[in-house]
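The data block below is my_file_28.csv; it holds CSV, C-alpha atoms.
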```csv
chain,number,residue,atom,x,y,z
J,1,MET,CA,0.0,0.0,0.0
J,2,THR,CA,2.2,2.8,1.3
J,3,ALA,CA,5.6,2.9,-0.2
J,4,VAL,CA,8.4,1.8,2.2
J,5,LYS,CA,10.7,4.7,1.5
J,6,ASP,CA,11.0,6.0,5.0
J,7,PRO,CA,14.1,4.4,6.6
J,8,HIS,CA,12.5,4.1,10.0
J,9,ARG,CA,9.6,2.2,8.5
J,10,PHE,CA,11.8,0.1,6.3
J,11,LEU,CA,14.0,-0.9,9.2
J,12,ASN,CA,11.0,-1.8,11.3
J,13,LEU,CA,9.8,-4.1,8.5
J,14,ALA,CA,13.2,-5.7,8.2
J,15,LEU,CA,13.1,-6.4,12.0
J,16,ASP,CA,9.6,-7.9,11.6
J,17,MET,CA,11.0,-10.2,8.9
J,18,GLY,CA,14.0,-11.0,11.1
J,19,GLU,CA,11.8,-11.8,14.1
J,20,GLU,CA,9.5,-14.0,12.0
J,21,LEU,CA,12.6,-15.9,10.5
J,22,MET,CA,13.9,-16.5,14.0
J,23,SER,CA,10.6,-17.8,15.4
J,24,CYS,CA,10.1,-20.2,12.5
J,25,GLY,CA,13.4,-21.9,12.9
J,26,ALA,CA,16.1,-20.0,11.1
J,27,GLU,CA,19.7,-19.9,12.3
J,28,VAL,CA,21.1,-16.8,14.0
J,29,ASN,CA,23.5,-16.3,11.1
J,30,ARG,CA,20.8,-16.3,8.5
J,31,VAL,CA,18.8,-13.6,10.3
J,32,GLU,CA,21.8,-11.4,10.6
J,33,ASP,CA,22.6,-12.0,6.9
J,34,THR,CA,19.1,-11.3,5.7
J,35,ILE,CA,18.7,-8.0,7.6
J,36,ALA,CA,22.2,-6.8,6.5
J,37,ARG,CA,21.5,-7.6,2.8
J,38,MET,CA,18.1,-6.0,2.8
J,39,GLY,CA,19.6,-2.8,4.4
J,40,MET,CA,22.3,-2.6,1.7
J,41,ALA,CA,19.6,-3.1,-1.0
J,42,PHE,CA,17.6,-0.3,0.6
J,43,GLY,CA,20.6,2.0,0.1
J,44,ALA,CA,22.4,2.0,3.4
J,45,VAL,CA,26.1,2.7,3.4
J,46,ASN,CA,26.8,0.3,6.2
J,47,MET,CA,24.8,-2.2,8.2
J,48,ASN,CA,25.6,-3.4,11.7
J,49,VAL,CA,23.4,-6.3,12.8
J,50,PHE,CA,23.7,-8.3,16.0
J,51,VAL,CA,21.3,-11.1,16.6
J,52,ILE,CA,20.8,-13.5,19.5
J,53,THR,CA,17.9,-15.9,19.9
J,54,THR,CA,16.0,-13.4,22.0
J,55,SER,CA,16.9,-10.0,20.6
J,56,ILE,CA,17.9,-8.1,17.5
J,57,VAL,CA,20.0,-5.0,17.4
J,58,VAL,CA,20.6,-3.1,14.2
J,59,THR,CA,22.2,0.1,13.1
J,60,MET,CA,21.7,1.3,9.6
J,61,GLN,CA,24.1,3.9,8.4
J,62,LEU,CA,22.5,6.0,5.7
J,63,SER,CA,25.2,8.6,5.1
J,64,ASP,CA,28.2,10.0,6.9
J,65,ASP,CA,26.1,11.9,9.5
J,66,GLU,CA,22.9,10.0,9.5
J,67,SER,CA,22.2,6.6,11.1
J,68,LEU,CA,19.3,4.8,12.6
J,69,THR,CA,19.4,2.2,15.4
J,70,LEU,CA,16.5,-0.1,16.4
J,71,THR,CA,16.3,-3.0,18.8
J,72,ARG,CA,13.8,-5.7,18.9
J,73,ARG,CA,13.1,-8.1,21.8
J,74,ILE,CA,11.9,-11.5,20.7
J,75,THR,CA,9.8,-13.1,23.4
J,76,ASN,CA,7.8,-15.7,21.4
J,77,PRO,CA,9.9,-18.9,21.1
J,78,GLY,CA,7.8,-19.8,18.0
J,79,THR,CA,7.2,-23.1,16.3
J,80,ILE,CA,9.4,-24.5,13.5
J,81,ASP,CA,7.7,-23.8,10.2
J,82,PHE,CA,9.9,-24.4,7.2
J,83,ARG,CA,7.3,-23.3,4.7
J,84,LYS,CA,7.2,-19.9,6.2
J,85,LEU,CA,11.0,-19.8,6.5
J,86,SER,CA,11.4,-20.5,2.7
J,87,ARG,CA,8.8,-17.9,1.8
J,88,ILE,CA,10.2,-15.1,3.9
J,89,ASN,CA,13.7,-16.0,2.5
J,90,ASN,CA,12.3,-15.8,-1.0
J,91,VAL,CA,10.8,-12.3,-0.4
J,92,SER,CA,14.1,-11.0,1.0
J,93,ARG,CA,16.1,-12.5,-1.9
J,94,GLN,CA,13.7,-11.1,-4.5
J,95,TYR,CA,13.8,-7.7,-2.8
J,96,CYS,CA,17.6,-7.6,-2.8
J,97,GLN,CA,17.7,-8.6,-6.5
J,98,GLY,CA,15.2,-5.8,-7.3
J,99,GLU,CA,12.4,-8.2,-8.3
J,100,ILE,CA,10.1,-6.8,-5.6
J,101,ALA,CA,9.7,-3.1,-5.6
J,102,ALA,CA,10.0,-1.2,-2.3
J,103,GLU,CA,6.3,-0.4,-2.2
J,104,ASP,CA,5.3,-4.1,-2.5
J,105,LEU,CA,7.6,-5.3,0.2
J,106,GLU,CA,5.2,-5.0,3.0
J,107,ASP,CA,2.4,-6.8,1.1
J,108,GLU,CA,4.6,-9.6,-0.1
J,109,PHE,CA,5.8,-10.1,3.5
J,110,LYS,CA,2.3,-10.2,4.8
J,111,LYS,CA,1.4,-12.8,2.2
J,112,ALA,CA,4.5,-14.9,3.1
J,113,ILE,CA,3.5,-15.2,6.8
J,114,ASP,CA,-0.2,-15.9,6.1
J,115,PRO,CA,-1.0,-18.9,8.4
J,116,THR,CA,-2.5,-21.4,6.0
J,117,THR,CA,-1.5,-24.6,7.7
J,118,LYS,CA,-3.8,-27.6,8.0
J,119,PRO,CA,-3.6,-29.1,11.6
J,120,ILE,CA,-4.2,-32.5,10.1
J,121,ARG,CA,-0.6,-32.6,8.7
J,122,MET,CA,0.9,-31.9,12.1
J,123,TYR,CA,-1.2,-34.6,13.8
J,124,LEU,CA,-0.3,-37.0,11.0
J,125,GLY,CA,3.4,-36.0,11.3
J,126,SER,CA,3.5,-36.5,15.1
J,127,ALA,CA,1.8,-39.9,15.0
J,128,LEU,CA,4.0,-41.1,12.1
J,129,ALA,CA,7.3,-39.9,13.7
J,130,ALA,CA,6.4,-41.5,17.1
J,131,PHE,CA,5.4,-44.8,15.3
J,132,ALA,CA,8.5,-44.9,13.2
J,133,PHE,CA,11.0,-44.2,16.0
J,134,ALA,CA,9.4,-46.6,18.4
J,135,ILE,CA,10.2,-49.3,15.8
J,136,PHE,CA,13.5,-47.7,14.7
J,137,PHE,CA,14.9,-48.1,18.3
J,138,GLY,CA,13.8,-51.8,18.4
J,139,GLY,CA,10.1,-51.8,19.3
J,140,ARG,CA,7.3,-54.0,17.7
J,141,VAL,CA,4.4,-52.7,15.6
J,142,TRP,CA,2.2,-52.6,18.7
J,143,ASP,CA,4.7,-50.4,20.5
J,144,GLY,CA,4.7,-48.2,17.5
J,145,LEU,CA,0.9,-47.9,17.5
J,146,VAL,CA,0.7,-47.0,21.2
J,147,ALA,CA,3.5,-44.4,20.7
J,148,ALA,CA,1.6,-43.0,17.8
J,149,ALA,CA,-1.5,-42.6,19.9
J,150,PHE,CA,0.4,-40.6,22.5
J,151,GLY,CA,2.1,-38.7,19.7
J,152,LEU,CA,-1.3,-37.4,18.8
J,153,LEU,CA,-1.8,-36.3,22.4
J,154,ILE,CA,1.6,-34.5,22.4
J,155,CYS,CA,0.7,-32.7,19.2
J,156,ALA,CA,-2.6,-31.5,20.7
J,157,PHE,CA,-0.7,-30.3,23.7
J,158,GLN,CA,1.8,-28.5,21.6
J,159,ARG,CA,-0.9,-26.8,19.5
J,160,GLU,CA,-3.0,-25.8,22.4
J,161,PHE,CA,-0.6,-24.9,25.2
J,162,SER,CA,3.0,-24.4,24.1
J,163,GLY,CA,2.3,-20.9,22.7
J,164,LYS,CA,0.4,-19.8,25.7
J,165,ALA,CA,2.6,-21.3,28.4
J,166,PRO,CA,4.5,-18.6,30.1
J,167,ASN,CA,7.2,-21.0,31.2
J,168,LEU,CA,8.4,-23.7,28.9
J,169,ILE,CA,10.2,-25.7,31.6
J,170,ILE,CA,7.0,-26.2,33.6
J,171,TYR,CA,5.2,-26.9,30.4
J,172,ASN,CA,7.7,-29.7,29.6
J,173,ILE,CA,7.5,-31.2,33.0
J,174,VAL,CA,3.7,-31.4,32.9
J,175,THR,CA,3.6,-32.8,29.3
J,176,SER,CA,6.2,-35.5,30.0
J,177,PHE,CA,4.5,-36.3,33.3
J,178,ILE,CA,1.1,-36.9,31.7
J,179,VAL,CA,2.6,-38.8,28.7
J,180,GLY,CA,4.8,-40.9,31.1
J,181,LEU,CA,1.9,-41.6,33.3
J,182,GLY,CA,-0.3,-42.8,30.4
J,183,VAL,CA,2.4,-45.0,28.9
J,184,CYS,CA,3.4,-46.5,32.2
J,185,PHE,CA,-0.2,-47.5,33.1
J,186,LEU,CA,-0.7,-49.1,29.7
J,187,ALA,CA,2.6,-51.0,29.8
J,188,LYS,CA,1.8,-52.2,33.3
J,189,PHE,CA,-1.6,-53.7,32.5
J,190,ILE,CA,-1.1,-54.8,29.0
J,191,PRO,CA,1.6,-57.6,28.8
J,192,GLY,CA,3.9,-57.6,25.8
J,193,LEU,CA,4.2,-53.8,25.4
J,194,ASN,CA,7.8,-52.5,25.6
J,195,LEU,CA,7.7,-49.4,27.9
J,196,ASP,CA,11.1,-48.1,26.9
J,197,LYS,CA,10.5,-48.3,23.1
J,198,ILE,CA,7.1,-46.5,23.3
J,199,LEU,CA,8.6,-43.8,25.5
J,200,ILE,CA,11.6,-43.4,23.1
J,201,GLY,CA,9.2,-42.9,20.2
J,202,ASP,CA,7.4,-40.2,22.1
J,203,ILE,CA,10.6,-38.6,23.5
J,204,MET,CA,11.8,-38.0,19.9
J,205,LEU,CA,8.9,-35.6,19.6
J,206,LEU,CA,9.6,-33.8,22.8
J,207,VAL,CA,13.4,-33.8,22.9
J,208,PRO,CA,15.0,-30.6,21.8
J,209,GLY,CA,17.4,-32.4,19.5
J,210,VAL,CA,17.2,-29.9,16.7
J,211,ALA,CA,17.7,-27.0,19.1
J,212,MET,CA,20.6,-28.7,20.8
J,213,THR,CA,22.4,-29.5,17.6
J,214,ASN,CA,21.8,-25.9,16.4
J,215,ALA,CA,23.2,-24.6,19.6
J,216,ILE,CA,26.4,-26.6,19.3
J,217,LYS,CA,26.7,-25.6,15.7
J,218,ASP,CA,26.3,-21.9,16.6
J,219,ILE,CA,29.1,-22.2,19.1
J,220,LEU,CA,31.4,-24.0,16.6
J,221,VAL,CA,30.9,-21.4,13.9
J,222,GLY,CA,31.5,-18.5,16.2
J,223,ASP,CA,28.0,-17.3,17.4
J,224,THR,CA,29.1,-18.1,20.9
J,225,VAL,CA,26.6,-16.0,22.8
J,226,SER,CA,23.5,-17.4,21.0
J,227,GLY,CA,24.8,-20.9,21.1
J,228,THR,CA,25.5,-20.9,24.8
J,229,MET,CA,22.1,-19.4,25.6
J,230,ARG,CA,20.3,-22.0,23.5
J,231,LEU,CA,22.5,-24.8,24.9
J,232,VAL,CA,21.6,-23.9,28.5
J,233,GLU,CA,18.0,-23.6,27.5
J,234,THR,CA,17.9,-27.1,25.8
J,235,ILE,CA,19.7,-28.7,28.8
J,236,MET,CA,17.1,-27.3,31.2
J,237,TRP,CA,14.4,-28.4,28.8
J,238,ALA,CA,15.8,-32.0,28.6
J,239,GLY,CA,16.1,-31.9,32.4
J,240,ALA,CA,12.5,-30.9,32.7
J,241,LEU,CA,11.5,-33.8,30.4
J,242,ALA,CA,13.5,-36.2,32.6
J,243,GLY,CA,11.9,-34.8,35.7
J,244,GLY,CA,8.4,-35.3,34.3
J,245,PHE,CA,9.1,-38.9,33.3
J,246,MET,CA,10.8,-39.7,36.6
J,247,ALA,CA,7.8,-38.5,38.6
J,248,ALA,CA,5.5,-40.7,36.4
J,249,PHE,CA,7.8,-43.8,36.9
J,250,TRP,CA,7.9,-43.4,40.7
J,251,ILE,CA,4.1,-43.1,40.9
J,252,VAL,CA,3.3,-46.1,38.7
J,253,TRP,CA,6.1,-48.5,39.6
E,1,MET,CA,20.0,-57.8,7.8
E,2,LYS,CA,16.3,-57.6,8.3
E,3,LEU,CA,16.9,-55.3,11.2
E,4,ILE,CA,19.0,-53.0,9.1
E,5,ILE,CA,16.3,-52.7,6.4
E,6,ILE,CA,13.6,-52.1,9.1
E,7,GLN,CA,15.8,-49.3,10.6
E,8,ILE,CA,16.5,-47.6,7.3
E,9,LEU,CA,12.8,-47.8,6.4
E,10,THR,CA,11.5,-46.5,9.7
E,11,GLY,CA,14.3,-43.9,9.7
E,12,ALA,CA,12.9,-42.6,6.4
E,13,LEU,CA,9.4,-42.7,7.8
E,14,GLY,CA,10.5,-40.7,10.8
E,15,SER,CA,11.9,-38.1,8.5
E,16,VAL,CA,8.6,-37.9,6.7
E,17,GLY,CA,6.8,-37.5,10.0
E,18,PHE,CA,9.0,-34.6,11.1
E,19,SER,CA,8.7,-33.1,7.6
E,20,LEU,CA,5.0,-32.9,8.1
E,21,LEU,CA,5.4,-31.6,11.6
E,22,PHE,CA,7.8,-28.9,10.5
E,23,ARG,CA,5.6,-28.0,7.6
E,24,LEU,CA,8.0,-28.8,4.8
E,25,LYS,CA,6.7,-28.2,1.3
E,26,THR,CA,5.0,-31.3,0.0
E,27,ALA,CA,7.3,-31.5,-3.0
E,28,HIS,CA,10.3,-31.6,-0.7
E,29,ILE,CA,9.1,-34.4,1.6
E,30,PRO,CA,10.3,-37.3,-0.7
E,31,LEU,CA,13.7,-35.7,-0.7
E,32,ALA,CA,13.7,-35.6,3.1
E,33,ALA,CA,12.8,-39.3,3.2
E,34,ILE,CA,15.6,-40.2,0.9
E,35,GLY,CA,18.0,-38.0,2.9
E,36,GLY,CA,17.0,-39.7,6.1
E,37,ALA,CA,17.4,-43.2,4.6
E,38,LEU,CA,20.8,-42.4,3.1
E,39,THR,CA,22.1,-40.7,6.2
E,40,TRP,CA,21.2,-43.7,8.4
E,41,SER,CA,22.6,-46.1,5.8
E,42,ILE,CA,25.9,-44.2,5.8
E,43,TYR,CA,25.9,-44.2,9.6
E,44,LEU,CA,25.4,-48.0,9.7
E,45,LEU,CA,28.1,-48.5,7.0
E,46,GLY,CA,30.5,-46.3,8.9
E,47,LEU,CA,29.8,-48.1,12.1
E,48,HIS,CA,30.4,-51.5,10.4
E,49,LEU,CA,33.7,-50.3,8.9
E,50,THR,CA,35.2,-48.4,11.8
E,51,ASP,CA,33.3,-49.6,14.9
E,52,ASN,CA,33.4,-46.1,16.2
E,53,ILE,CA,30.1,-44.3,17.0
E,54,PHE,CA,31.6,-40.8,16.9
E,55,GLY,CA,33.3,-41.4,13.6
E,56,ALA,CA,30.3,-43.0,12.0
E,57,SER,CA,27.9,-40.2,13.0
E,58,LEU,CA,30.4,-37.6,12.0
E,59,ILE,CA,30.6,-39.1,8.5
E,60,ALA,CA,26.8,-39.4,8.3
E,61,ALA,CA,26.4,-35.8,9.5
E,62,VAL,CA,28.9,-34.5,6.9
E,63,PHE,CA,27.0,-36.5,4.2
E,64,CYS,CA,23.7,-35.1,5.3
E,65,ALA,CA,24.9,-31.5,5.5
E,66,LEU,CA,26.3,-31.8,1.9
E,67,TYR,CA,23.1,-33.4,0.7
E,68,ALA,CA,21.1,-30.5,2.2
E,69,GLU,CA,23.4,-27.8,0.8
E,70,ILE,CA,23.3,-29.2,-2.7
E,71,LEU,CA,19.5,-29.6,-2.7
E,72,ALA,CA,19.2,-26.1,-1.2
E,73,LYS,CA,21.2,-24.7,-4.1
E,74,ILE,CA,19.0,-26.5,-6.6
E,75,HIS,CA,15.7,-25.6,-5.1
E,76,LYS,CA,16.7,-22.1,-3.9
E,77,THR,CA,15.6,-22.7,-0.3
E,78,PRO,CA,17.6,-22.3,3.0
E,79,ALA,CA,19.7,-25.4,3.7
E,80,THR,CA,18.2,-25.9,7.2
E,81,VAL,CA,14.9,-26.8,5.6
E,82,MET,CA,16.5,-29.8,4.0
E,83,LEU,CA,19.0,-30.5,6.7
E,84,VAL,CA,16.8,-30.9,9.8
E,85,PRO,CA,14.3,-33.6,8.5
E,86,SER,CA,17.1,-35.6,6.9
E,87,MET,CA,19.2,-35.5,10.1
E,88,ILE,CA,16.4,-36.7,12.4
E,89,PRO,CA,17.4,-40.5,12.4
E,90,LEU,CA,20.8,-39.5,13.9
E,91,ILE,CA,19.2,-37.7,16.9
E,92,PRO,CA,20.0,-39.9,19.9
E,93,GLY,CA,16.5,-40.3,21.4
E,94,GLY,CA,17.3,-43.9,22.5
E,95,PRO,CA,20.5,-43.2,24.4
E,96,LEU,CA,18.9,-40.1,26.0
E,97,TYR,CA,16.1,-42.2,27.3
E,98,TYR,CA,18.3,-44.9,28.8
E,99,THR,CA,20.4,-42.1,30.4
E,100,MET,CA,17.2,-40.8,32.1
E,101,SER,CA,15.9,-44.2,33.1
E,102,GLY,CA,19.4,-45.1,34.4
E,103,ILE,CA,19.2,-42.0,36.7
E,104,VAL,CA,15.7,-42.9,37.8
E,105,SER,CA,16.5,-46.4,38.7
E,106,ARG,CA,19.7,-45.3,40.5
E,107,ASP,CA,21.8,-47.4,38.0
E,108,LEU,CA,24.4,-44.7,37.6
E,109,GLU,CA,26.8,-46.9,35.6
E,110,THR,CA,24.2,-47.3,32.8
E,111,ALA,CA,23.3,-43.6,33.0
E,112,TRP,CA,27.0,-42.6,32.6
E,113,TYR,CA,27.5,-45.0,29.7
E,114,TYR,CA,24.4,-43.7,27.8
E,115,GLY,CA,25.0,-40.1,28.8
E,116,ARG,CA,28.4,-40.2,27.2
E,117,LEU,CA,26.9,-41.9,24.1
E,118,THR,CA,24.3,-39.1,23.8
E,119,ILE,CA,27.0,-36.4,24.1
E,120,GLN,CA,29.1,-38.2,21.5
E,121,TYR,CA,26.2,-38.2,19.0
E,122,ALA,CA,25.3,-34.6,19.6
E,123,LEU,CA,28.9,-33.4,19.2
E,124,ALA,CA,29.6,-35.5,16.1
E,125,ILE,CA,26.4,-34.2,14.4
E,126,ALA,CA,27.1,-30.6,15.3
E,127,LEU,CA,30.8,-30.9,14.2
E,128,GLY,CA,29.8,-32.5,10.9
E,129,ILE,CA,27.3,-29.7,10.1
E,130,ALA,CA,29.6,-26.9,11.2
E,131,LEU,CA,32.5,-28.4,9.1
E,132,VAL,CA,30.4,-28.5,5.9
E,133,TRP,CA,28.7,-25.2,6.6
E,134,THR,CA,32.0,-23.4,7.0
E,135,ILE,CA,33.7,-24.9,4.0
E,136,TRP,CA,30.6,-24.4,1.9
E,137,ALA,CA,30.2,-20.7,2.9
E,138,ALA,CA,33.9,-20.1,2.1
E,139,LEU,CA,33.5,-21.6,-1.3
E,140,PHE,CA,30.1,-20.3,-2.5
E,141,GLN,CA,28.7,-17.6,-0.4
E,142,ARG,CA,29.3,-14.0,-1.3
E,143,LYS,CA,29.4,-12.1,1.9
E,144,PRO,CA,27.0,-9.1,2.0
E,145,SER,CA,29.2,-6.1,1.4
E,146,THR,CA,28.9,-4.0,4.5
E,147,LYS,CA,31.1,-1.3,3.1
E,148,GLY,CA,29.5,0.9,0.5
```
Rendering of file as structure tokens:
Amino acid sequence: MTAVKDPHRFLNLALDMGEELMSCGAEVNRVEDTIARMGMAFGAVNMNVFVITTSIVVTMQLSDDESLTLTRRITNPGTIDFRKLSRINNVSRQYCQGEIAAEDLEDEFKKAIDPTTKPIRMYLGSALAAFAFAIFFGGRVWDGLVAAAFGLLICAFQREFSGKAPNLIIYNIVTSFIVGLGVCFLAKFIPGLNLDKILIGDIMLLVPGVAMTNAIKDILVGDTVSGTMRLVETIMWAGALAGGFMAAFWIVW
Amino acid sequence: MKLIIIQILTGALGSVGFSLLFRLKTAHIPLAAIGGALTWSIYLLGLHLTDNIFGASLIAAVFCALYAEILAKIHKTPATVMLVPSMIPLIPGGPLYYTMSGIVSRDLETAWYYGRLTIQYALAIALGIALVWTIWAALFQRKPSTKG
């Protein structure tokens, strides 16, 4: 609609894009790179971008005596969404190559983050992943099916509560406790089910394996601050999962 | 042998599951499945040849990262999008579980054994990705010119 010619407005939009990228699963490095490239394409002389998982700081230097600094606090941990990630990435690339005019940038970005996801895919994905990994780690088909059923429950939890929970650690303790309780009860009263294989299938859904790997990667490639923050976060998260399962074990066994 | 085939198939199926969960484009899902199957096959092959978990998962992670970077270049999408679903079979969910259950049942020897295994996997995967990522960036990526 309105042309994004005003530097302040443009930088705000670039921060919106950076924040969205961060929350749908982009690496720290990509967010920094995207904002820097967009600023240079806008006509900045120099871009200084610093991103950590919870905040973005950017100074756009427009000329020798004019520069603009904005910061953005990121509070929403977000959910991994690779479709959105690809789309935003495309918008930014096309803008930098001059394929999207400055006045269309805002509309194109809004189109890219349009939430058109079918929940059925996520439920199907959770059930399939839990089923597959219960068998992958040595379970039988029955173990896989039970894991899949609890996978659906985990998915419902994630969709309903994970965005609203003010504290992800408590959220993880509660989720793993409920799942652990359910699986332990079933395994206790139905002979032939392998408790460990079912739980492993469901743990694959809960475990912050992707975040932990990203954290170590961030540290190894030089984004030490972000990496350390995320690593501590994932360790506490894994600890919370263990705590929830432990409590369930102690109650049932 | 039957066990190996089951693992490769369910590994691929797991990659498909996570592709759905992470909302991968439908057209990319078969690629993620193939990536998952190949990554796990290479891990098993490496384990068979070297008998070293760290080495095997490092080689598999390097392969997976290369696979993701190449596909990302072809399909003009961020490499993470292809990397994460293909890498899923390497994530040490099993060892992590046995670490936890070892702690719960006060069997600290088991917990220590599996805990070390979990850390080995995580380090090898991260190292593999970082290695490929660094070399790839040095070869192909033009840095944004921050000087005007």
task = Give me, please, the distance in Å between CA of Gly138 (chain J) and CA of Lys197 (chain J), quoted to one decimal.
result = 6.7 Å
task = Select all residues from chain J having any atom no more than 6 Å from an atom of chain E (counting all atoms listed in the file, ignoring ligands), output as a PyMOL selection string.
result = chain J and resi 37+45-47+80-83+86+121-122+125+128-129+132+136+200+204+213+216-217+242+246
request  = Quick one: pull the distance between CA of Ala37 (chain E) and CA of Ala149 (chain J), Å, one decimal.
outcome  =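 Interatomic distance, CA of Ala37 (chain E) to CA of Ala149 (chain J): 24.3 Å.
Proximity to Gly201 (chain J) at 6 Å, evaluated using only C-alpha atoms and with sequence-adjacent residues fewer than 3 positions away removed, yields J:Ala130, J:Phe133, J:Ala134, J:Ala147, J:Ile198, J:Met204.
If you look at CA of Pro208 (chain J) and CA of Ser23 (chain J), they are 15.0 Å away from each other.
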Among listed residues J:Leu199, J:Val183, J:Val221, J:Leu15, nearest Ala137 (chain E) (using only C-alpha atoms) =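 Distance minimum relative to Ala137 (chain E) lands on J:Val221.
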ask   = Quick one: of J:Pro77, J:Leu145, J:Ala211, J:Leu68, who's nearest to Val232 (chain J), counting all atoms listed in the file?
value =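 Residue with the minimum atom-to-atom distance to Val232 (chain J): J:Ala211.
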N, CA and C atoms of region 50-65 of chain E from block above, as a JSON list (two decimals), in the first residue's frame:
```json
[["chain", "number", "residue", "atom", "x", "y", "z"],
["E", 50, "THR", "N", 34.23, -48.92, 10.86],
["E", 50, "THR", "CA", 35.17, -48.36, 11.84],
["E", 50, "THR", "C", 34.89, -48.79, 13.27],
["E", 51, "ASP", "N", 33.64, -49.25, 13.54],
["E", 51, "ASP", "CA", 33.26, -49.64, 14.88],
["E", 51, "ASP", "C", 33.42, -48.47, 15.87],
["E", 52, "ASN", "N", 33.17, -47.26, 15.38],
["E", 52, "ASN", "CA", 33.36, -46.07, 16.20],
["E", 52, "ASN", "C", 32.14, -45.17, 16.02],
["E", 53, "ILE", "N", 31.37, -45.00, 17.10],
["E", 53, "ILE", "CA", 30.11, -44.27, 16.99],
["E", 53, "ILE", "C", 30.35, -42.81, 16.61],
["E", 54, "PHE", "N", 31.35, -42.20, 17.23],
["E", 54, "PHE", "CA", 31.63, -40.79, 16.94],
["E", 54, "PHE", "C", 31.99, -40.61, 15.47],
["E", 55, "GLY", "N", 32.90, -41.46, 14.98],
["E", 55, "GLY", "CA", 33.34, -41.36, 13.59],
["E", 55, "GLY", "C", 32.18, -41.60, 12.63],
["E", 56, "ALA", "N", 31.39, -42.64, 12.91],
["E", 56, "ALA", "CA", 30.29, -42.98, 12.01],
["E", 56, "ALA", "C", 29.26, -41.86, 11.95],
["E", 57, "SER", "N", 28.90, -41.29, 13.11],
["E", 57, "SER", "CA", 27.88, -40.24, 13.05],
["E", 57, "SER", "C", 28.47, -38.96, 12.47],
["E", 58, "LEU", "N", 29.77, -38.75, 12.63],
["E", 58, "LEU", "CA", 30.40, -37.58, 12.00],
["E", 58, "LEU", "C", 30.31, -37.68, 10.48],
["E", 59, "ILE", "N", 30.66, -38.88, 9.95],
["E", 59, "ILE", "CA", 30.61, -39.07, 8.49],
["E", 59, "ILE", "C", 29.18, -38.90, 7.99],
["E", 60, "ALA", "N", 28.23, -39.51, 8.73],
["E", 60, "ALA", "CA", 26.82, -39.41, 8.31],
["E", 60, "ALA", "C", 26.35, -37.96, 8.35],
["E", 61, "ALA", "N", 26.77, -37.21, 9.37],
["E", 61, "ALA", "CA", 26.36, -35.80, 9.47],
["E", 61, "ALA", "C", 26.95, -34.98, 8.34],
["E", 62, "VAL", "N", 28.22, -35.26, 8.00],
["E", 62, "VAL", "CA", 28.86, -34.54, 6.89],
["E", 62, "VAL", "C", 28.12, -34.83, 5.59],
["E", 63, "PHE", "N", 27.80, -36.11, 5.39],
["E", 63, "PHE", "CA", 27.04, -36.45, 4.18],
["E", 63, "PHE", "C", 25.73, -35.70, 4.14],
["E", 64, "CYS", "N", 25.00, -35.74, 5.28],
["E", 64, "CYS", "CA", 23.66, -35.14, 5.34],
["E", 64, "CYS", "C", 23.73, -33.64, 5.08],
["E", 65, "ALA", "N", 24.73, -32.98, 5.65],
["E", 65, "ALA", "CA", 24.86, -31.54, 5.46],
["E", 65, "ALA", "C", 25.16, -31.21, 4.00]]
```
